[in-house]
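Text of model36.txt, listed as compact mmCIF, N, CA and C atoms:
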```
# COMPACT_ATOMS: atom_id res chain seq x y z
N MET A 81 -181.54 95.43 -9.57
CA MET A 81 -181.88 95.26 -8.19
C MET A 81 -182.84 94.07 -8.07
N PRO A 82 -182.53 93.14 -7.19
CA PRO A 82 -183.43 91.99 -7.02
C PRO A 82 -184.76 92.42 -6.40
N LYS A 83 -185.81 91.68 -6.72
CA LYS A 83 -187.10 91.96 -6.11
C LYS A 83 -187.55 90.73 -5.35
N GLU A 84 -188.33 90.98 -4.31
CA GLU A 84 -188.80 89.91 -3.42
C GLU A 84 -190.31 90.02 -3.27
N ALA A 85 -191.00 88.90 -3.46
CA ALA A 85 -192.44 88.88 -3.26
C ALA A 85 -192.74 88.91 -1.76
N ILE A 86 -193.73 89.69 -1.40
CA ILE A 86 -194.17 89.81 -0.01
C ILE A 86 -195.54 89.14 0.10
N HIS A 87 -195.70 88.34 1.14
CA HIS A 87 -196.98 87.65 1.35
C HIS A 87 -197.33 87.67 2.83
N SER A 88 -198.58 87.91 3.12
CA SER A 88 -199.10 87.85 4.48
C SER A 88 -200.34 86.97 4.50
N LYS A 89 -200.39 86.05 5.43
CA LYS A 89 -201.60 85.23 5.60
C LYS A 89 -202.72 86.06 6.24
N HIS A 90 -202.38 87.27 6.71
CA HIS A 90 -203.36 88.15 7.34
C HIS A 90 -204.00 89.11 6.33
N ALA A 91 -203.70 88.91 5.06
CA ALA A 91 -204.33 89.67 3.98
C ALA A 91 -204.87 88.65 2.97
N PRO A 92 -205.87 89.02 2.19
CA PRO A 92 -206.44 88.06 1.25
C PRO A 92 -205.42 87.63 0.18
N ALA A 93 -205.57 86.41 -0.26
CA ALA A 93 -204.72 85.91 -1.35
C ALA A 93 -205.01 86.71 -2.61
N ALA A 94 -204.01 86.82 -3.45
CA ALA A 94 -204.16 87.53 -4.72
C ALA A 94 -205.24 86.88 -5.57
N LEU A 95 -206.00 87.69 -6.29
CA LEU A 95 -207.09 87.19 -7.14
C LEU A 95 -206.61 86.85 -8.54
N GLY A 96 -205.32 86.99 -8.79
CA GLY A 96 -204.77 86.72 -10.12
C GLY A 96 -203.27 86.52 -10.03
N PRO A 97 -202.59 86.60 -11.17
CA PRO A 97 -201.15 86.35 -11.20
C PRO A 97 -200.34 87.59 -10.78
N TYR A 98 -200.43 87.92 -9.50
CA TYR A 98 -199.66 89.03 -8.94
C TYR A 98 -199.36 88.75 -7.48
N SER A 99 -198.44 89.50 -6.93
CA SER A 99 -198.05 89.36 -5.52
C SER A 99 -198.80 90.39 -4.68
N GLN A 100 -199.00 90.09 -3.40
CA GLN A 100 -199.59 91.07 -2.49
C GLN A 100 -198.70 92.31 -2.40
N GLY A 101 -197.41 92.09 -2.50
CA GLY A 101 -196.47 93.20 -2.48
C GLY A 101 -195.15 92.76 -3.10
N ILE A 102 -194.38 93.72 -3.53
CA ILE A 102 -193.03 93.46 -4.07
C ILE A 102 -192.08 94.43 -3.39
N ARG A 103 -191.01 93.86 -2.84
CA ARG A 103 -189.96 94.68 -2.24
C ARG A 103 -188.81 94.79 -3.22
N ALA A 104 -188.37 96.03 -3.46
CA ALA A 104 -187.19 96.30 -4.29
C ALA A 104 -186.35 97.29 -3.49
N GLY A 105 -185.26 96.81 -2.94
CA GLY A 105 -184.46 97.65 -2.05
C GLY A 105 -185.26 97.96 -0.81
N SER A 106 -185.35 99.24 -0.47
CA SER A 106 -186.11 99.63 0.72
C SER A 106 -187.53 100.09 0.37
N THR A 107 -187.93 99.89 -0.88
CA THR A 107 -189.27 100.28 -1.32
C THR A 107 -190.14 99.04 -1.49
N VAL A 108 -191.37 99.13 -1.00
CA VAL A 108 -192.33 98.04 -1.13
C VAL A 108 -193.56 98.59 -1.85
N TYR A 109 -193.94 97.91 -2.92
CA TYR A 109 -195.11 98.27 -3.71
C TYR A 109 -196.25 97.35 -3.28
N LEU A 110 -197.28 97.93 -2.68
CA LEU A 110 -198.42 97.16 -2.20
C LEU A 110 -199.48 97.08 -3.28
N SER A 111 -199.83 95.86 -3.68
CA SER A 111 -200.90 95.69 -4.67
C SER A 111 -202.21 96.21 -4.11
N GLY A 112 -203.12 96.55 -5.01
CA GLY A 112 -204.42 97.03 -4.59
C GLY A 112 -205.13 96.02 -3.71
N GLN A 113 -205.70 96.52 -2.64
CA GLN A 113 -206.45 95.69 -1.71
C GLN A 113 -207.92 96.08 -1.77
N LEU A 114 -208.75 95.06 -1.75
CA LEU A 114 -210.20 95.23 -1.64
C LEU A 114 -210.60 94.98 -0.20
N GLY A 115 -211.84 95.20 0.11
CA GLY A 115 -212.35 94.93 1.45
C GLY A 115 -212.69 93.47 1.64
N LEU A 116 -211.74 92.60 1.32
CA LEU A 116 -211.94 91.16 1.48
C LEU A 116 -211.45 90.70 2.84
N ASP A 117 -212.27 89.91 3.51
CA ASP A 117 -211.89 89.31 4.77
C ASP A 117 -210.90 88.19 4.45
N PRO A 118 -209.66 88.25 4.97
CA PRO A 118 -208.67 87.23 4.62
C PRO A 118 -209.05 85.83 5.11
N ALA A 119 -209.86 85.72 6.15
CA ALA A 119 -210.25 84.41 6.67
C ALA A 119 -211.26 83.71 5.76
N THR A 120 -212.14 84.50 5.14
CA THR A 120 -213.21 83.89 4.33
C THR A 120 -213.04 84.13 2.84
N GLY A 121 -212.30 85.18 2.48
CA GLY A 121 -212.18 85.56 1.08
C GLY A 121 -213.39 86.31 0.56
N ASN A 122 -214.33 86.59 1.44
CA ASN A 122 -215.55 87.29 1.05
C ASN A 122 -215.42 88.79 1.26
N LEU A 123 -216.10 89.55 0.42
CA LEU A 123 -216.15 91.00 0.54
C LEU A 123 -217.02 91.36 1.72
N VAL A 124 -216.51 92.23 2.60
CA VAL A 124 -217.33 92.71 3.72
C VAL A 124 -218.36 93.68 3.16
N ASP A 125 -219.40 93.96 3.94
CA ASP A 125 -220.55 94.70 3.44
C ASP A 125 -220.47 96.18 3.78
N GLY A 126 -220.64 97.03 2.79
CA GLY A 126 -220.74 98.47 3.01
C GLY A 126 -219.41 99.20 2.92
N ILE A 127 -219.47 100.48 2.60
CA ILE A 127 -218.26 101.27 2.40
C ILE A 127 -217.45 101.39 3.69
N ASP A 128 -218.09 101.58 4.84
CA ASP A 128 -217.33 101.70 6.09
C ASP A 128 -216.54 100.44 6.37
N ALA A 129 -217.20 99.29 6.32
CA ALA A 129 -216.53 98.02 6.61
C ALA A 129 -215.45 97.73 5.57
N GLN A 130 -215.73 98.04 4.30
CA GLN A 130 -214.73 97.80 3.27
C GLN A 130 -213.51 98.68 3.46
N ALA A 131 -213.71 99.95 3.79
CA ALA A 131 -212.57 100.85 4.00
C ALA A 131 -211.70 100.37 5.16
N HIS A 132 -212.32 100.02 6.28
CA HIS A 132 -211.55 99.51 7.41
C HIS A 132 -210.78 98.24 7.01
N GLN A 133 -211.45 97.34 6.30
CA GLN A 133 -210.79 96.08 5.91
C GLN A 133 -209.64 96.34 4.94
N VAL A 134 -209.82 97.25 4.01
CA VAL A 134 -208.74 97.58 3.07
C VAL A 134 -207.51 98.07 3.83
N PHE A 135 -207.69 98.97 4.79
CA PHE A 135 -206.53 99.48 5.53
C PHE A 135 -205.90 98.39 6.40
N ARG A 136 -206.71 97.50 6.96
CA ARG A 136 -206.14 96.37 7.72
C ARG A 136 -205.34 95.45 6.79
N ASN A 137 -205.86 95.22 5.58
CA ASN A 137 -205.15 94.37 4.62
C ASN A 137 -203.83 95.01 4.19
N LEU A 138 -203.85 96.30 3.90
CA LEU A 138 -202.62 97.00 3.54
C LEU A 138 -201.61 96.94 4.68
N ARG A 139 -202.09 97.15 5.92
CA ARG A 139 -201.19 97.08 7.07
C ARG A 139 -200.56 95.70 7.19
N ALA A 140 -201.33 94.64 6.96
CA ALA A 140 -200.79 93.28 7.07
C ALA A 140 -199.67 93.04 6.07
N VAL A 141 -199.83 93.52 4.84
CA VAL A 141 -198.78 93.32 3.83
C VAL A 141 -197.57 94.19 4.16
N ALA A 142 -197.81 95.43 4.58
CA ALA A 142 -196.69 96.30 4.97
C ALA A 142 -195.91 95.67 6.12
N GLN A 143 -196.60 95.11 7.10
CA GLN A 143 -195.93 94.47 8.22
C GLN A 143 -195.15 93.23 7.79
N ALA A 144 -195.70 92.48 6.85
CA ALA A 144 -194.99 91.30 6.34
C ALA A 144 -193.67 91.69 5.67
N ALA A 145 -193.61 92.92 5.17
CA ALA A 145 -192.40 93.42 4.53
C ALA A 145 -191.45 94.08 5.53
N GLY A 146 -191.88 94.21 6.78
CA GLY A 146 -191.05 94.84 7.79
C GLY A 146 -191.39 96.30 8.04
N GLY A 147 -192.54 96.75 7.54
CA GLY A 147 -192.95 98.14 7.72
C GLY A 147 -194.26 98.26 8.46
N GLU A 148 -194.77 99.46 8.44
CA GLU A 148 -196.05 99.81 9.07
C GLU A 148 -196.78 100.77 8.16
N LEU A 149 -198.03 101.07 8.45
CA LEU A 149 -198.75 102.06 7.67
C LEU A 149 -198.08 103.43 7.74
N ASP A 150 -197.41 103.72 8.84
CA ASP A 150 -196.70 105.00 8.95
C ASP A 150 -195.57 105.14 7.94
N ASP A 151 -195.15 104.02 7.33
CA ASP A 151 -194.08 104.04 6.33
C ASP A 151 -194.62 104.22 4.91
N VAL A 152 -195.95 104.29 4.76
CA VAL A 152 -196.55 104.49 3.45
C VAL A 152 -196.29 105.93 3.01
N VAL A 153 -195.77 106.08 1.78
CA VAL A 153 -195.49 107.42 1.25
C VAL A 153 -196.48 107.84 0.17
N LYS A 154 -197.18 106.87 -0.42
CA LYS A 154 -198.11 107.17 -1.53
C LYS A 154 -199.24 106.16 -1.54
N LEU A 155 -200.45 106.63 -1.71
CA LEU A 155 -201.63 105.78 -1.87
C LEU A 155 -202.33 106.17 -3.16
N THR A 156 -202.93 105.18 -3.81
CA THR A 156 -203.85 105.42 -4.91
C THR A 156 -205.17 104.77 -4.52
N ILE A 157 -206.22 105.56 -4.51
CA ILE A 157 -207.54 105.08 -4.10
C ILE A 157 -208.45 105.05 -5.32
N LEU A 158 -209.05 103.91 -5.54
CA LEU A 158 -210.03 103.72 -6.61
C LEU A 158 -211.39 103.51 -5.93
N MET A 159 -212.36 104.30 -6.34
CA MET A 159 -213.68 104.23 -5.71
C MET A 159 -214.76 104.04 -6.77
N ALA A 160 -215.75 103.24 -6.43
CA ALA A 160 -216.88 103.05 -7.33
C ALA A 160 -217.79 104.27 -7.32
N ASN A 161 -217.75 105.04 -6.22
CA ASN A 161 -218.63 106.20 -6.10
C ASN A 161 -217.93 107.27 -5.27
N LEU A 162 -217.61 108.40 -5.90
CA LEU A 162 -216.94 109.48 -5.18
C LEU A 162 -217.81 110.11 -4.10
N ALA A 163 -219.08 109.77 -4.05
CA ALA A 163 -219.93 110.24 -2.96
C ALA A 163 -219.43 109.69 -1.62
N ASP A 164 -218.64 108.61 -1.66
CA ASP A 164 -218.07 108.01 -0.44
C ASP A 164 -216.74 108.64 -0.04
N PHE A 165 -216.29 109.66 -0.78
CA PHE A 165 -214.99 110.28 -0.56
C PHE A 165 -214.80 110.75 0.88
N GLY A 166 -215.77 111.47 1.42
CA GLY A 166 -215.67 111.99 2.79
C GLY A 166 -215.56 110.89 3.82
N LYS A 167 -216.36 109.86 3.66
CA LYS A 167 -216.34 108.74 4.60
C LYS A 167 -214.98 108.04 4.56
N VAL A 168 -214.44 107.82 3.37
CA VAL A 168 -213.13 107.16 3.25
C VAL A 168 -212.05 108.04 3.88
N ASN A 169 -212.11 109.36 3.67
CA ASN A 169 -211.15 110.26 4.30
C ASN A 169 -211.21 110.15 5.82
N GLU A 170 -212.43 110.13 6.35
CA GLU A 170 -212.63 110.02 7.80
C GLU A 170 -212.01 108.74 8.34
N ILE A 171 -212.25 107.63 7.66
CA ILE A 171 -211.71 106.34 8.10
C ILE A 171 -210.20 106.30 7.93
N MET A 172 -209.70 106.82 6.80
CA MET A 172 -208.25 106.84 6.58
C MET A 172 -207.53 107.58 7.70
N ALA A 173 -208.11 108.66 8.19
CA ALA A 173 -207.49 109.46 9.24
C ALA A 173 -207.33 108.68 10.54
N THR A 174 -208.06 107.58 10.72
CA THR A 174 -207.89 106.77 11.92
C THR A 174 -206.72 105.78 11.78
N TYR A 175 -206.20 105.59 10.57
CA TYR A 175 -205.10 104.65 10.33
C TYR A 175 -203.76 105.35 10.09
N PHE A 176 -203.77 106.63 9.79
CA PHE A 176 -202.56 107.38 9.47
C PHE A 176 -202.48 108.62 10.34
N LYS A 177 -201.26 109.10 10.54
CA LYS A 177 -201.07 110.37 11.22
C LYS A 177 -200.19 111.24 10.35
N ALA A 178 -200.21 112.53 10.61
CA ALA A 178 -199.41 113.48 9.83
C ALA A 178 -197.92 113.19 10.03
N PRO A 179 -197.13 113.34 9.02
CA PRO A 179 -197.51 113.74 7.67
C PRO A 179 -198.17 112.58 6.93
N TYR A 180 -199.33 112.85 6.36
CA TYR A 180 -200.08 111.82 5.64
C TYR A 180 -199.39 111.47 4.33
N PRO A 181 -199.65 110.26 3.81
CA PRO A 181 -199.05 109.90 2.51
C PRO A 181 -199.58 110.80 1.40
N ALA A 182 -198.79 110.95 0.36
CA ALA A 182 -199.31 111.56 -0.86
C ALA A 182 -200.41 110.64 -1.38
N ARG A 183 -201.33 111.19 -2.19
CA ARG A 183 -202.47 110.37 -2.58
C ARG A 183 -203.12 110.88 -3.84
N ALA A 184 -203.67 109.95 -4.60
CA ALA A 184 -204.55 110.27 -5.72
C ALA A 184 -205.80 109.43 -5.54
N THR A 185 -206.95 110.00 -5.90
CA THR A 185 -208.22 109.30 -5.78
C THR A 185 -208.97 109.41 -7.10
N TYR A 186 -209.49 108.29 -7.57
CA TYR A 186 -210.21 108.23 -8.83
C TYR A 186 -211.52 107.49 -8.65
N GLN A 187 -212.55 107.92 -9.36
CA GLN A 187 -213.77 107.13 -9.48
C GLN A 187 -213.62 106.26 -10.71
N VAL A 188 -213.97 104.99 -10.55
CA VAL A 188 -213.85 104.03 -11.65
C VAL A 188 -215.21 103.41 -11.94
N ALA A 189 -215.35 102.84 -13.13
CA ALA A 189 -216.63 102.25 -13.53
C ALA A 189 -216.97 101.01 -12.73
N ALA A 190 -215.96 100.21 -12.40
CA ALA A 190 -216.21 98.97 -11.66
C ALA A 190 -214.90 98.49 -11.05
N LEU A 191 -215.04 97.70 -9.97
CA LEU A 191 -213.90 97.07 -9.31
C LEU A 191 -214.16 95.57 -9.19
N PRO A 192 -213.10 94.76 -9.03
CA PRO A 192 -213.31 93.32 -8.89
C PRO A 192 -214.28 93.01 -7.74
N LYS A 193 -215.06 91.98 -7.94
CA LYS A 193 -216.03 91.50 -6.95
C LYS A 193 -217.08 92.55 -6.57
N ALA A 194 -217.26 93.55 -7.43
CA ALA A 194 -218.20 94.65 -7.18
C ALA A 194 -217.86 95.42 -5.90
N ALA A 195 -216.58 95.48 -5.58
CA ALA A 195 -216.13 96.22 -4.40
C ALA A 195 -216.42 97.71 -4.58
N LYS A 196 -216.52 98.40 -3.47
CA LYS A 196 -216.76 99.84 -3.48
C LYS A 196 -215.45 100.63 -3.48
N LEU A 197 -214.33 99.93 -3.16
CA LEU A 197 -213.08 100.62 -2.90
C LEU A 197 -211.90 99.68 -3.14
N GLU A 198 -210.84 100.20 -3.72
CA GLU A 198 -209.57 99.48 -3.81
C GLU A 198 -208.47 100.50 -3.57
N ILE A 199 -207.46 100.11 -2.78
CA ILE A 199 -206.34 101.01 -2.49
C ILE A 199 -205.03 100.27 -2.66
N GLU A 200 -204.08 100.93 -3.34
CA GLU A 200 -202.72 100.42 -3.47
C GLU A 200 -201.79 101.43 -2.82
N GLY A 201 -200.57 101.00 -2.51
CA GLY A 201 -199.67 101.92 -1.85
C GLY A 201 -198.21 101.64 -2.11
N ILE A 202 -197.39 102.60 -1.73
CA ILE A 202 -195.95 102.47 -1.78
C ILE A 202 -195.41 102.75 -0.38
N VAL A 203 -194.57 101.83 0.09
CA VAL A 203 -193.96 101.92 1.41
C VAL A 203 -192.46 102.11 1.23
N VAL A 204 -191.87 102.99 2.01
CA VAL A 204 -190.42 103.10 2.08
C VAL A 204 -190.03 102.65 3.49
N LEU A 205 -189.31 101.54 3.55
CA LEU A 205 -188.94 100.96 4.84
C LEU A 205 -187.87 101.82 5.53
N PRO A 206 -187.96 101.90 6.85
CA PRO A 206 -186.95 102.67 7.57
C PRO A 206 -185.58 102.00 7.44
N SER A 207 -184.55 102.82 7.46
CA SER A 207 -183.18 102.30 7.34
C SER A 207 -182.72 101.65 8.62
```
Let me see the file written as structure tokens.
Amino acid sequence: MPKEAIHSKHAPAALGPYSQGIRAGSTVYLSGQLGLDPATGNLVDGIDAQAHQVFRNLRAVAQAAGGELDDVVKLTILMANLADFGKVNEIMATYFKAPYPARATYQVAALPKAAKLEIEGIVVLPS
């Protein structure tokens, strides 16, 4: 099955040799997004701002592939501090509606650019 790189100018450029997203058939794999402002490339300040920015970045890549956040079926959340778990859940609920995507959440030792949060996802595009 051929794969297609997905790119959105409304999401930050990749920080390494990877694509913002890859489409394979009707499935789109969204690379992990940090709370980077796509206009400046700088990390926004604080867990609230980073969480909102991460979901906006994920939405931009999903839209570039022809989808929306409602088409996300799976998320993986990496957090520098699980004490922020409740706040991230609260913010996530403003971007998604039931049925919510499947999800796994992990606390990690560190994230690029000392981010507090990184989220990756899988989108299944509507037929």
Worksheet entry | Two-atom distance - atom N of Ser88 (chain A), atom N of Ala160 (chain A) (Å) | 24.9 Å
Discussion item. I need the residues of region 82-205 of chain A that end up classed as strand (DSSP E) by DSSP on the backbone, written out as a PyMOL selection string.
Written reply: chain A and resi 83-86+101-104+107-113+152-159+182-187+197-204
Practice prompt. Please provide the set of residues having any atom within 7 Å of Leu149 (chain A), restricted to only N, CA and C atoms, with same-chain residues fewer than 2 positions apart removed, written as a list of chain:residue names.
Written response: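 Counting only the stated atoms, we get A:Leu138, A:Arg139, A:Ala142, A:Gln143, A:Gly147, A:Asp151, A:Val152, A:Val153, A:Tyr175, A:Phe176.
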Any chance you can output those residues with N, CA and C atoms as a compact mmCIF listing (two decimals), keeping the file's coordinate frame?
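What landed in selection38.txt:
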```
# COMPACT_ATOMS: atom_id res chain seq x y z
N LEU A 138 -203.85 96.30 3.90
CA LEU A 138 -202.62 97.00 3.54
C LEU A 138 -201.61 96.94 4.68
N ARG A 139 -202.09 97.15 5.92
CA ARG A 139 -201.19 97.08 7.07
C ARG A 139 -200.56 95.70 7.19
N ALA A 142 -197.81 95.43 4.58
CA ALA A 142 -196.69 96.30 4.97
C ALA A 142 -195.91 95.67 6.12
N GLN A 143 -196.60 95.11 7.10
CA GLN A 143 -195.93 94.47 8.22
C GLN A 143 -195.15 93.23 7.79
N GLY A 147 -192.54 96.75 7.54
CA GLY A 147 -192.95 98.14 7.72
C GLY A 147 -194.26 98.26 8.46
N ASP A 151 -195.15 104.02 7.33
CA ASP A 151 -194.08 104.04 6.33
C ASP A 151 -194.62 104.22 4.91
N VAL A 152 -195.95 104.29 4.76
CA VAL A 152 -196.55 104.49 3.45
C VAL A 152 -196.29 105.93 3.01
N VAL A 153 -195.77 106.08 1.78
CA VAL A 153 -195.49 107.42 1.25
C VAL A 153 -196.48 107.84 0.17
N TYR A 175 -206.20 105.59 10.57
CA TYR A 175 -205.10 104.65 10.33
C TYR A 175 -203.76 105.35 10.09
N PHE A 176 -203.77 106.63 9.79
CA PHE A 176 -202.56 107.38 9.47
C PHE A 176 -202.48 108.62 10.34
```
Worksheet item: Which of region 117-175 of chain A counts as alpha helix (DSSP H) under DSSP, as a list in words please?
Response: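 Listing alpha helix (DSSP H) positions across region 117-175 of chain A yields Ile127, Asp128, Ala129, Gln130, Ala131, His132, Gln133, Val134, Phe135, Arg136, Asn137, Leu138, Arg139, Ala140, Val141, Ala142, Gln143, Ala144, Phe165, Gly166, Lys167, Val168, Asn169, Glu170, Ile171 and Met172 of chain A.
Across the structure, CA of Lys193 (chain A) and CA of Val168 (chain A) are spaced 18.9 Å apart.
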Item to complete: Pick out the residues sitting within 6.5 Å of Pro118 (chain A), and hand them over as number ranges by chain; count all atoms listed in the file, and ignore anything fewer than 6 positions along from it in its own chain.
Response: A: 89-93
Deliver the residues from the most recent selection as a file, using N, CA and C atoms, as a JSON list (two decimals), in the coordinates of the input.
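Final output, saved to again-v1.json:
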```json
[["chain", "number", "residue", "atom", "x", "y", "z"],
["A", 89, "LYS", "N", -200.39, 86.05, 5.43],
["A", 89, "LYS", "CA", -201.60, 85.23, 5.60],
["A", 89, "LYS", "C", -202.72, 86.06, 6.24],
["A", 90, "HIS", "N", -202.38, 87.27, 6.71],
["A", 90, "HIS", "CA", -203.36, 88.15, 7.34],
["A", 90, "HIS", "C", -204.00, 89.11, 6.33],
["A", 91, "ALA", "N", -203.70, 88.91, 5.06],
["A", 91, "ALA", "CA", -204.33, 89.67, 3.98],
["A", 91, "ALA", "C", -204.87, 88.65, 2.97],
["A", 92, "PRO", "N", -205.87, 89.02, 2.19],
["A", 92, "PRO", "CA", -206.44, 88.06, 1.25],
["A", 92, "PRO", "C", -205.42, 87.63, 0.18],
["A", 93, "ALA", "N", -205.57, 86.41, -0.26],
["A", 93, "ALA", "CA", -204.72, 85.91, -1.35],
["A", 93, "ALA", "C", -205.01, 86.71, -2.61]]
```
Worksheet item: Counting only N, CA and C atoms, which of A:Ser207, A:Leu114, A:Met159, A:Lys167 gets nearest to Ala190 (chain A)?
Response: A:Met159
Worksheet entry | Contact residues around Val124 (chain A) with only C-alpha atoms at 10 Å, ignoring same-chain residues under 5 positions, as a list in words | Leu114, Gly115, Leu116, Asp117, Ala129, Gln130, Ala131, His132, Gln133, Val134 and Ala195 of chain A
